[in-house]
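One file, structure.txt, is given below (compact mmCIF, N, CA and C atoms).
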```txt
# COMPACT_ATOMS: atom_id res chain seq x y z
N MET A 1 -8.94 -6.32 32.39
CA MET A 1 -8.27 -7.52 31.95
C MET A 1 -7.17 -7.88 32.94
N ARG A 2 -6.51 -6.86 33.47
CA ARG A 2 -5.48 -7.14 34.47
C ARG A 2 -6.09 -7.82 35.69
N GLU A 3 -7.28 -7.35 36.08
CA GLU A 3 -7.95 -7.94 37.25
C GLU A 3 -8.24 -9.42 37.05
N ARG A 4 -8.40 -9.84 35.81
CA ARG A 4 -8.69 -11.24 35.50
C ARG A 4 -7.42 -12.03 35.17
N GLY A 5 -6.27 -11.37 35.26
CA GLY A 5 -5.01 -12.05 35.00
C GLY A 5 -4.76 -12.34 33.53
N VAL A 6 -5.37 -11.57 32.66
CA VAL A 6 -5.21 -11.78 31.22
C VAL A 6 -4.04 -10.93 30.73
N GLU A 7 -3.09 -11.57 30.09
CA GLU A 7 -1.97 -10.84 29.50
C GLU A 7 -2.43 -10.22 28.19
N PHE A 8 -1.92 -9.03 27.91
CA PHE A 8 -2.29 -8.37 26.66
C PHE A 8 -1.19 -7.40 26.25
N ASP A 9 -1.20 -7.08 24.98
CA ASP A 9 -0.29 -6.08 24.42
C ASP A 9 -1.12 -4.87 24.03
N VAL A 10 -0.57 -3.70 24.27
CA VAL A 10 -1.21 -2.47 23.86
C VAL A 10 -0.50 -1.98 22.60
N VAL A 11 -1.27 -1.72 21.57
CA VAL A 11 -0.72 -1.18 20.33
C VAL A 11 -1.10 0.29 20.28
N GLN A 12 -0.11 1.13 20.23
CA GLN A 12 -0.37 2.56 20.13
C GLN A 12 -0.55 2.92 18.66
N TYR A 13 -1.82 2.90 18.26
CA TYR A 13 -2.16 2.98 16.84
C TYR A 13 -1.76 4.29 16.18
N LEU A 14 -1.53 5.35 16.94
CA LEU A 14 -1.08 6.59 16.32
C LEU A 14 0.43 6.60 16.11
N LYS A 15 1.17 5.92 16.98
CA LYS A 15 2.61 5.81 16.81
C LYS A 15 2.95 4.75 15.78
N GLU A 16 2.14 3.69 15.74
CA GLU A 16 2.35 2.58 14.81
C GLU A 16 1.04 2.25 14.12
N PRO A 17 0.58 3.13 13.21
CA PRO A 17 -0.71 2.86 12.58
C PRO A 17 -0.68 1.59 11.73
N LEU A 18 -1.83 0.95 11.67
CA LEU A 18 -1.94 -0.23 10.82
C LEU A 18 -1.85 0.19 9.36
N ASP A 19 -1.17 -0.62 8.58
CA ASP A 19 -1.12 -0.36 7.15
C ASP A 19 -2.34 -1.01 6.49
N ARG A 20 -2.44 -0.88 5.19
CA ARG A 20 -3.59 -1.42 4.46
C ARG A 20 -3.79 -2.91 4.75
N ALA A 21 -2.73 -3.68 4.68
CA ALA A 21 -2.83 -5.13 4.91
C ALA A 21 -3.28 -5.42 6.35
N GLY A 22 -2.76 -4.67 7.30
CA GLY A 22 -3.15 -4.86 8.70
C GLY A 22 -4.61 -4.53 8.94
N LEU A 23 -5.08 -3.46 8.32
CA LEU A 23 -6.50 -3.09 8.46
C LEU A 23 -7.40 -4.12 7.79
N GLU A 24 -7.00 -4.61 6.62
CA GLU A 24 -7.80 -5.62 5.94
C GLU A 24 -7.86 -6.90 6.78
N ALA A 25 -6.75 -7.27 7.38
CA ALA A 25 -6.72 -8.47 8.24
C ALA A 25 -7.61 -8.26 9.46
N LEU A 26 -7.57 -7.08 10.04
CA LEU A 26 -8.42 -6.78 11.20
C LEU A 26 -9.89 -6.84 10.81
N LEU A 27 -10.25 -6.25 9.70
CA LEU A 27 -11.65 -6.28 9.27
C LEU A 27 -12.13 -7.70 8.98
N ALA A 28 -11.21 -8.55 8.54
CA ALA A 28 -11.58 -9.94 8.23
C ALA A 28 -12.01 -10.71 9.48
N ILE A 29 -11.52 -10.32 10.65
CA ILE A 29 -11.88 -11.04 11.88
C ILE A 29 -12.76 -10.21 12.81
N LEU A 30 -13.03 -8.97 12.45
CA LEU A 30 -13.83 -8.09 13.29
C LEU A 30 -15.28 -8.54 13.28
N GLU A 31 -15.83 -8.72 14.48
CA GLU A 31 -17.21 -9.17 14.60
C GLU A 31 -18.21 -8.02 14.45
N ASN A 32 -17.73 -6.79 14.56
CA ASN A 32 -18.58 -5.63 14.35
C ASN A 32 -18.69 -5.35 12.86
N ASP A 33 -19.66 -4.53 12.51
CA ASP A 33 -19.78 -4.05 11.14
C ASP A 33 -18.52 -3.26 10.81
N PRO A 34 -17.95 -3.41 9.61
CA PRO A 34 -16.72 -2.68 9.27
C PRO A 34 -16.83 -1.17 9.50
N SER A 35 -17.98 -0.60 9.22
CA SER A 35 -18.13 0.85 9.39
C SER A 35 -18.04 1.28 10.85
N ASP A 36 -18.26 0.34 11.78
CA ASP A 36 -18.14 0.66 13.21
C ASP A 36 -16.71 0.99 13.61
N LEU A 37 -15.75 0.61 12.78
CA LEU A 37 -14.35 0.86 13.09
C LEU A 37 -13.97 2.33 12.90
N VAL A 38 -14.86 3.10 12.30
CA VAL A 38 -14.60 4.52 12.06
C VAL A 38 -15.33 5.37 13.10
N ARG A 39 -14.56 6.19 13.80
CA ARG A 39 -15.14 7.11 14.78
C ARG A 39 -15.82 8.26 14.07
N ARG A 40 -17.03 8.54 14.48
CA ARG A 40 -17.76 9.70 13.94
C ARG A 40 -17.69 10.83 14.97
N ASP A 41 -16.52 11.44 15.05
CA ASP A 41 -16.32 12.51 16.03
C ASP A 41 -16.13 13.84 15.30
N LYS A 42 -15.67 14.83 16.03
CA LYS A 42 -15.47 16.16 15.44
C LYS A 42 -14.46 16.10 14.29
N ASN A 43 -13.41 15.32 14.45
CA ASN A 43 -12.41 15.18 13.40
C ASN A 43 -13.05 14.63 12.12
N PHE A 44 -13.95 13.68 12.27
CA PHE A 44 -14.67 13.09 11.14
C PHE A 44 -15.45 14.18 10.40
N SER A 45 -16.21 14.97 11.13
CA SER A 45 -17.01 16.01 10.49
C SER A 45 -16.14 17.14 9.96
N ASP A 46 -15.04 17.47 10.67
CA ASP A 46 -14.13 18.51 10.19
C ASP A 46 -13.50 18.14 8.85
N LEU A 47 -13.34 16.85 8.61
CA LEU A 47 -12.80 16.38 7.33
C LEU A 47 -13.86 16.39 6.23
N GLY A 48 -15.08 16.78 6.58
CA GLY A 48 -16.15 16.83 5.59
C GLY A 48 -16.69 15.46 5.23
N LEU A 49 -16.53 14.50 6.12
CA LEU A 49 -16.96 13.14 5.84
C LEU A 49 -18.39 12.90 6.31
N SER A 50 -19.02 11.91 5.70
CA SER A 50 -20.36 11.50 6.11
C SER A 50 -20.37 9.98 6.22
N ASP A 51 -21.47 9.45 6.75
CA ASP A 51 -21.58 7.99 6.90
C ASP A 51 -21.38 7.26 5.58
N GLU A 52 -21.76 7.88 4.48
CA GLU A 52 -21.61 7.25 3.17
C GLU A 52 -20.15 7.05 2.78
N ASP A 53 -19.24 7.75 3.45
CA ASP A 53 -17.82 7.62 3.16
C ASP A 53 -17.17 6.43 3.87
N ALA A 54 -17.94 5.73 4.70
CA ALA A 54 -17.37 4.61 5.47
C ALA A 54 -18.35 3.45 5.55
N THR A 55 -18.90 3.05 4.41
CA THR A 55 -19.87 1.96 4.44
C THR A 55 -19.26 0.62 4.07
N SER A 56 -18.39 0.59 3.11
CA SER A 56 -17.81 -0.69 2.67
C SER A 56 -16.46 -0.92 3.34
N PRO A 57 -16.04 -2.18 3.41
CA PRO A 57 -14.70 -2.46 3.97
C PRO A 57 -13.59 -1.69 3.25
N GLY A 58 -13.68 -1.59 1.95
CA GLY A 58 -12.66 -0.86 1.18
C GLY A 58 -12.62 0.62 1.56
N GLN A 59 -13.79 1.21 1.72
CA GLN A 59 -13.83 2.62 2.13
C GLN A 59 -13.25 2.80 3.52
N VAL A 60 -13.58 1.88 4.41
CA VAL A 60 -13.07 1.96 5.79
C VAL A 60 -11.55 1.88 5.78
N VAL A 61 -11.00 0.95 5.03
CA VAL A 61 -9.54 0.81 4.95
C VAL A 61 -8.92 2.08 4.38
N ASP A 62 -9.45 2.57 3.27
CA ASP A 62 -8.91 3.79 2.66
C ASP A 62 -8.93 4.96 3.65
N LEU A 63 -10.04 5.10 4.34
CA LEU A 63 -10.21 6.19 5.29
C LEU A 63 -9.22 6.09 6.45
N LEU A 64 -9.05 4.89 6.99
CA LEU A 64 -8.17 4.73 8.15
C LEU A 64 -6.69 4.76 7.78
N VAL A 65 -6.36 4.39 6.56
CA VAL A 65 -4.97 4.55 6.10
C VAL A 65 -4.64 6.04 6.01
N ALA A 66 -5.58 6.82 5.49
CA ALA A 66 -5.37 8.26 5.33
C ALA A 66 -5.50 9.01 6.65
N HIS A 67 -6.37 8.54 7.54
CA HIS A 67 -6.66 9.26 8.79
C HIS A 67 -6.73 8.28 9.97
N PRO A 68 -5.59 7.80 10.45
CA PRO A 68 -5.60 6.80 11.53
C PRO A 68 -6.32 7.26 12.80
N ARG A 69 -6.39 8.56 13.05
CA ARG A 69 -7.07 9.06 14.25
C ARG A 69 -8.55 8.69 14.26
N LEU A 70 -9.09 8.37 13.12
CA LEU A 70 -10.51 8.04 13.04
C LEU A 70 -10.82 6.61 13.46
N MET A 71 -9.79 5.84 13.79
CA MET A 71 -10.05 4.45 14.18
C MET A 71 -10.70 4.38 15.55
N GLN A 72 -11.82 3.69 15.59
CA GLN A 72 -12.53 3.47 16.86
C GLN A 72 -11.66 2.60 17.76
N ARG A 73 -11.73 2.83 19.03
CA ARG A 73 -10.94 2.06 19.97
C ARG A 73 -11.68 1.99 21.29
N PRO A 74 -11.32 1.06 22.10
CA PRO A 74 -10.29 0.05 21.89
C PRO A 74 -10.81 -1.11 21.03
N VAL A 75 -9.90 -1.67 20.28
CA VAL A 75 -10.18 -2.88 19.53
C VAL A 75 -9.42 -4.00 20.24
N VAL A 76 -10.12 -5.07 20.52
CA VAL A 76 -9.51 -6.19 21.23
C VAL A 76 -9.47 -7.38 20.28
N VAL A 77 -8.28 -7.95 20.13
CA VAL A 77 -8.08 -9.10 19.26
C VAL A 77 -7.64 -10.26 20.13
N ARG A 78 -8.31 -11.37 19.94
CA ARG A 78 -7.92 -12.60 20.64
C ARG A 78 -8.08 -13.75 19.66
N GLY A 79 -6.95 -14.33 19.31
CA GLY A 79 -6.98 -15.42 18.33
C GLY A 79 -7.49 -14.90 17.00
N GLU A 80 -8.51 -15.56 16.50
CA GLU A 80 -9.10 -15.20 15.20
C GLU A 80 -10.39 -14.41 15.36
N ARG A 81 -10.51 -13.69 16.48
CA ARG A 81 -11.70 -12.86 16.73
C ARG A 81 -11.26 -11.47 17.15
N ALA A 82 -12.04 -10.48 16.75
CA ALA A 82 -11.77 -9.10 17.16
C ALA A 82 -13.10 -8.41 17.38
N ILE A 83 -13.12 -7.54 18.39
CA ILE A 83 -14.31 -6.73 18.65
C ILE A 83 -13.87 -5.32 19.01
N ILE A 84 -14.78 -4.39 18.78
CA ILE A 84 -14.60 -3.04 19.28
C ILE A 84 -15.18 -3.07 20.69
N SER A 85 -14.35 -2.77 21.65
CA SER A 85 -14.76 -2.92 23.05
C SER A 85 -15.39 -1.63 23.58
N ARG A 86 -16.54 -1.30 23.05
CA ARG A 86 -17.35 -0.17 23.50
C ARG A 86 -18.73 -0.68 23.75
N PRO A 87 -19.21 -0.63 24.94
CA PRO A 87 -18.54 -0.20 26.15
C PRO A 87 -17.45 -1.20 26.54
N PRO A 88 -16.54 -0.78 27.39
CA PRO A 88 -15.40 -1.64 27.74
C PRO A 88 -15.77 -3.03 28.24
N THR A 89 -16.92 -3.20 28.82
CA THR A 89 -17.30 -4.52 29.32
C THR A 89 -17.50 -5.54 28.22
N THR A 90 -17.63 -5.11 26.97
CA THR A 90 -17.81 -6.07 25.88
C THR A 90 -16.58 -6.95 25.70
N VAL A 91 -15.43 -6.53 26.23
CA VAL A 91 -14.23 -7.35 26.13
C VAL A 91 -14.45 -8.70 26.82
N LEU A 92 -15.35 -8.75 27.76
CA LEU A 92 -15.62 -10.00 28.47
C LEU A 92 -16.13 -11.08 27.51
N GLU A 93 -16.72 -10.66 26.37
CA GLU A 93 -17.20 -11.61 25.38
C GLU A 93 -16.05 -12.46 24.81
N LEU A 94 -14.86 -11.90 24.78
CA LEU A 94 -13.71 -12.61 24.22
C LEU A 94 -12.95 -13.42 25.25
N LEU A 95 -13.21 -13.19 26.54
CA LEU A 95 -12.41 -13.87 27.56
C LEU A 95 -12.92 -15.23 27.90
```
For the file at hand, write its structure as C-alpha cells.
Amino acid sequence: MRERGVEFDVVQYLKEPLDRAGLEALLAILENDPSDLVRRDKNFSDLGLSDEDATSPGQVVDLLVAHPRLMQRPVVVRGERAIISRPPTTVLELL
C-alpha cells in the first residue's frame, strides 16, 4: 500500500482489541463469510474449538471478544467495505 501511496492506519488488535460493537460493525461490512474472520490455528484447536463454534456472526463475535488472538488478519477496511487480505494481494480489490 505504501508503494501505491495509500495512507493507512494500523490497528494493533491485541493491544486494542475490538469490543462487541466494533466486531459487529466490522462483520456488517466484511465481504468475507463471517466465519473467515476466525483463525483456525493451533490456539483454536488448543481451546477445544471446532468449525461449528464459529459459524454464525454471533458466535464469531462471542469467540473474538473472548479470544482476540483468533482474529484473522490482516483485515483491511476502506469506507464501507472490509476484506480479509489473505493473500495480501487481495487488498488491491479495495484500492
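Atom to atom, atom CA of A:Leu26 and atom CA of A:Arg2 stand 23.5 Å apart.
For the residues A:Val60, A:Leu94, A:Ala21, A:Val65, ranking by smallest atom-to-atom distance to A:Glu80 using only C-alpha atoms places A:Leu94 first.
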Tell me which protein, DNA and RNA residues are within 8 Å of stretch 44-59 of chain A, counting all atoms listed in the file, leaving out same-chain ones fewer than 3 positions away, and put them as a PDB file with N, CA and C atoms, in the coordinates of the input.
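Produced file selection04.pdb, reproduced below:
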```
ATOM      1  N   GLU A  24      -7.000  -4.610   6.620  1.00  0.00           N
ATOM      2  CA  GLU A  24      -7.800  -5.620   5.940  1.00  0.00           C
ATOM      3  C   GLU A  24      -7.860  -6.900   6.780  1.00  0.00           C
ATOM      4  N   LEU A  27     -10.250  -6.250   9.700  1.00  0.00           N
ATOM      5  CA  LEU A  27     -11.650  -6.280   9.270  1.00  0.00           C
ATOM      6  C   LEU A  27     -12.130  -7.700   8.980  1.00  0.00           C
ATOM      7  N   ASP A  33     -19.660  -4.530  12.510  1.00  0.00           N
ATOM      8  CA  ASP A  33     -19.780  -4.050  11.140  1.00  0.00           C
ATOM      9  C   ASP A  33     -18.520  -3.260  10.810  1.00  0.00           C
ATOM     10  N   PRO A  34     -17.950  -3.410   9.610  1.00  0.00           N
ATOM     11  CA  PRO A  34     -16.720  -2.680   9.270  1.00  0.00           C
ATOM     12  C   PRO A  34     -16.830  -1.170   9.500  1.00  0.00           C
ATOM     13  N   SER A  35     -17.980  -0.600   9.220  1.00  0.00           N
ATOM     14  CA  SER A  35     -18.130   0.850   9.390  1.00  0.00           C
ATOM     15  C   SER A  35     -18.040   1.280  10.850  1.00  0.00           C
ATOM     16  N   ASP A  36     -18.260   0.340  11.780  1.00  0.00           N
ATOM     17  CA  ASP A  36     -18.140   0.660  13.210  1.00  0.00           C
ATOM     18  C   ASP A  36     -16.710   0.990  13.610  1.00  0.00           C
ATOM     19  N   VAL A  38     -14.860   3.100  12.300  1.00  0.00           N
ATOM     20  CA  VAL A  38     -14.600   4.520  12.060  1.00  0.00           C
ATOM     21  C   VAL A  38     -15.330   5.370  13.100  1.00  0.00           C
ATOM     22  N   ARG A  39     -14.560   6.190  13.800  1.00  0.00           N
ATOM     23  CA  ARG A  39     -15.140   7.110  14.780  1.00  0.00           C
ATOM     24  C   ARG A  39     -15.820   8.260  14.070  1.00  0.00           C
ATOM     25  N   ARG A  40     -17.030   8.540  14.480  1.00  0.00           N
ATOM     26  CA  ARG A  40     -17.760   9.700  13.940  1.00  0.00           C
ATOM     27  C   ARG A  40     -17.690  10.830  14.970  1.00  0.00           C
ATOM     28  N   ASP A  41     -16.520  11.440  15.050  1.00  0.00           N
ATOM     29  CA  ASP A  41     -16.320  12.510  16.030  1.00  0.00           C
ATOM     30  C   ASP A  41     -16.130  13.840  15.300  1.00  0.00           C
ATOM     31  N   ASP A  62      -9.450   2.570   3.270  1.00  0.00           N
ATOM     32  CA  ASP A  62      -8.910   3.790   2.660  1.00  0.00           C
ATOM     33  C   ASP A  62      -8.930   4.960   3.650  1.00  0.00           C
ATOM     34  N   LEU A  63     -10.040   5.100   4.340  1.00  0.00           N
ATOM     35  CA  LEU A  63     -10.210   6.190   5.290  1.00  0.00           C
ATOM     36  C   LEU A  63      -9.220   6.090   6.450  1.00  0.00           C
ATOM     37  N   LEU A  64      -9.050   4.890   6.990  1.00  0.00           N
ATOM     38  CA  LEU A  64      -8.170   4.730   8.150  1.00  0.00           C
ATOM     39  C   LEU A  64      -6.690   4.760   7.780  1.00  0.00           C
ATOM     40  N   VAL A  65      -6.360   4.390   6.560  1.00  0.00           N
ATOM     41  CA  VAL A  65      -4.970   4.550   6.100  1.00  0.00           C
ATOM     42  C   VAL A  65      -4.640   6.040   6.010  1.00  0.00           C
ATOM     43  N   ARG A  69      -6.390   8.560  13.050  1.00  0.00           N
ATOM     44  CA  ARG A  69      -7.070   9.060  14.250  1.00  0.00           C
ATOM     45  C   ARG A  69      -8.550   8.690  14.260  1.00  0.00           C
ATOM     46  N   LEU A  70      -9.090   8.370  13.120  1.00  0.00           N
ATOM     47  CA  LEU A  70     -10.510   8.040  13.040  1.00  0.00           C
ATOM     48  C   LEU A  70     -10.820   6.610  13.460  1.00  0.00           C
TER      49      LEU A  70
END
```
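Atom to atom, atom CA of A:Arg20 and atom CA of A:Arg78 stand 20.1 Å apart.
Backbone DSSP over chain A yields alpha helix (DSSP H) at Arg20, Ala21, Gly22, Leu23, Glu24, Ala25, Leu26, Leu27, Ala28, Ile29, Lys42, Asn43, Phe44, Ser45, Asp46, Pro57, Gly58, Gln59, Val60, Val61, Asp62, Leu63, Leu64, Val65 and Ala66 of chain A.
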Please complete stretch 6-29 of chain A so it has N, CA, C and O atoms, and hand it over as a CSV table (one decimal), keeping the file's coordinate frame.
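Generated output (rebuild.csv):
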```csv
chain,number,residue,atom,x,y,z
A,6,VAL,N,-5.4,-11.6,32.7
A,6,VAL,CA,-5.2,-11.8,31.2
A,6,VAL,C,-4.0,-10.9,30.7
A,6,VAL,O,-4.0,-9.7,30.9
A,7,GLU,N,-3.1,-11.6,30.1
A,7,GLU,CA,-2.0,-10.8,29.5
A,7,GLU,C,-2.4,-10.2,28.2
A,7,GLU,O,-3.2,-10.8,27.4
A,8,PHE,N,-1.9,-9.0,27.9
A,8,PHE,CA,-2.3,-8.4,26.7
A,8,PHE,C,-1.2,-7.4,26.2
A,8,PHE,O,-0.4,-7.0,27.1
A,9,ASP,N,-1.2,-7.1,25.0
A,9,ASP,CA,-0.3,-6.1,24.4
A,9,ASP,C,-1.1,-4.9,24.0
A,9,ASP,O,-2.2,-5.0,23.5
A,10,VAL,N,-0.6,-3.7,24.3
A,10,VAL,CA,-1.2,-2.5,23.9
A,10,VAL,C,-0.5,-2.0,22.6
A,10,VAL,O,0.7,-1.9,22.6
A,11,VAL,N,-1.3,-1.7,21.6
A,11,VAL,CA,-0.7,-1.2,20.3
A,11,VAL,C,-1.1,0.3,20.3
A,11,VAL,O,-2.3,0.6,20.3
A,12,GLN,N,-0.1,1.1,20.2
A,12,GLN,CA,-0.4,2.6,20.1
A,12,GLN,C,-0.6,2.9,18.7
A,12,GLN,O,0.4,3.2,17.9
A,13,TYR,N,-1.8,2.9,18.3
A,13,TYR,CA,-2.2,3.0,16.8
A,13,TYR,C,-1.8,4.3,16.2
A,13,TYR,O,-1.7,4.4,15.0
A,14,LEU,N,-1.5,5.4,16.9
A,14,LEU,CA,-1.1,6.6,16.3
A,14,LEU,C,0.4,6.6,16.1
A,14,LEU,O,0.9,7.2,15.1
A,15,LYS,N,1.2,5.9,17.0
A,15,LYS,CA,2.6,5.8,16.8
A,15,LYS,C,3.0,4.8,15.8
A,15,LYS,O,3.9,4.9,15.1
A,16,GLU,N,2.1,3.7,15.7
A,16,GLU,CA,2.4,2.6,14.8
A,16,GLU,C,1.0,2.2,14.1
A,16,GLU,O,0.4,1.2,14.4
A,17,PRO,N,0.6,3.1,13.2
A,17,PRO,CA,-0.7,2.9,12.6
A,17,PRO,C,-0.7,1.6,11.7
A,17,PRO,O,0.4,1.2,11.2
A,18,LEU,N,-1.8,1.0,11.7
A,18,LEU,CA,-1.9,-0.2,10.8
A,18,LEU,C,-1.8,0.2,9.4
A,18,LEU,O,-2.4,1.2,9.0
A,19,ASP,N,-1.2,-0.6,8.6
A,19,ASP,CA,-1.1,-0.4,7.2
A,19,ASP,C,-2.3,-1.0,6.5
A,19,ASP,O,-3.2,-1.6,7.2
A,20,ARG,N,-2.4,-0.9,5.2
A,20,ARG,CA,-3.6,-1.4,4.5
A,20,ARG,C,-3.8,-2.9,4.8
A,20,ARG,O,-4.9,-3.3,5.1
A,21,ALA,N,-2.7,-3.7,4.7
A,21,ALA,CA,-2.8,-5.1,4.9
A,21,ALA,C,-3.3,-5.4,6.4
A,21,ALA,O,-4.1,-6.3,6.6
A,22,GLY,N,-2.8,-4.7,7.3
A,22,GLY,CA,-3.2,-4.9,8.7
A,22,GLY,C,-4.6,-4.5,8.9
A,22,GLY,O,-5.3,-5.2,9.7
A,23,LEU,N,-5.1,-3.5,8.3
A,23,LEU,CA,-6.5,-3.1,8.5
A,23,LEU,C,-7.4,-4.1,7.8
A,23,LEU,O,-8.4,-4.5,8.3
A,24,GLU,N,-7.0,-4.6,6.6
A,24,GLU,CA,-7.8,-5.6,5.9
A,24,GLU,C,-7.9,-6.9,6.8
A,24,GLU,O,-8.9,-7.5,6.9
A,25,ALA,N,-6.8,-7.3,7.4
A,25,ALA,CA,-6.7,-8.5,8.2
A,25,ALA,C,-7.6,-8.3,9.5
A,25,ALA,O,-8.3,-9.2,9.9
A,26,LEU,N,-7.6,-7.1,10.0
A,26,LEU,CA,-8.4,-6.8,11.2
A,26,LEU,C,-9.9,-6.8,10.8
A,26,LEU,O,-10.7,-7.5,11.5
A,27,LEU,N,-10.2,-6.2,9.7
A,27,LEU,CA,-11.6,-6.3,9.3
A,27,LEU,C,-12.1,-7.7,9.0
A,27,LEU,O,-13.3,-8.0,9.2
A,28,ALA,N,-11.2,-8.6,8.5
A,28,ALA,CA,-11.6,-9.9,8.2
A,28,ALA,C,-12.0,-10.7,9.5
A,28,ALA,O,-12.8,-11.7,9.4
A,29,ILE,N,-11.5,-10.3,10.6
A,29,ILE,CA,-11.9,-11.0,11.9
A,29,ILE,C,-12.8,-10.2,12.8
A,29,ILE,O,-13.2,-10.7,13.8
```
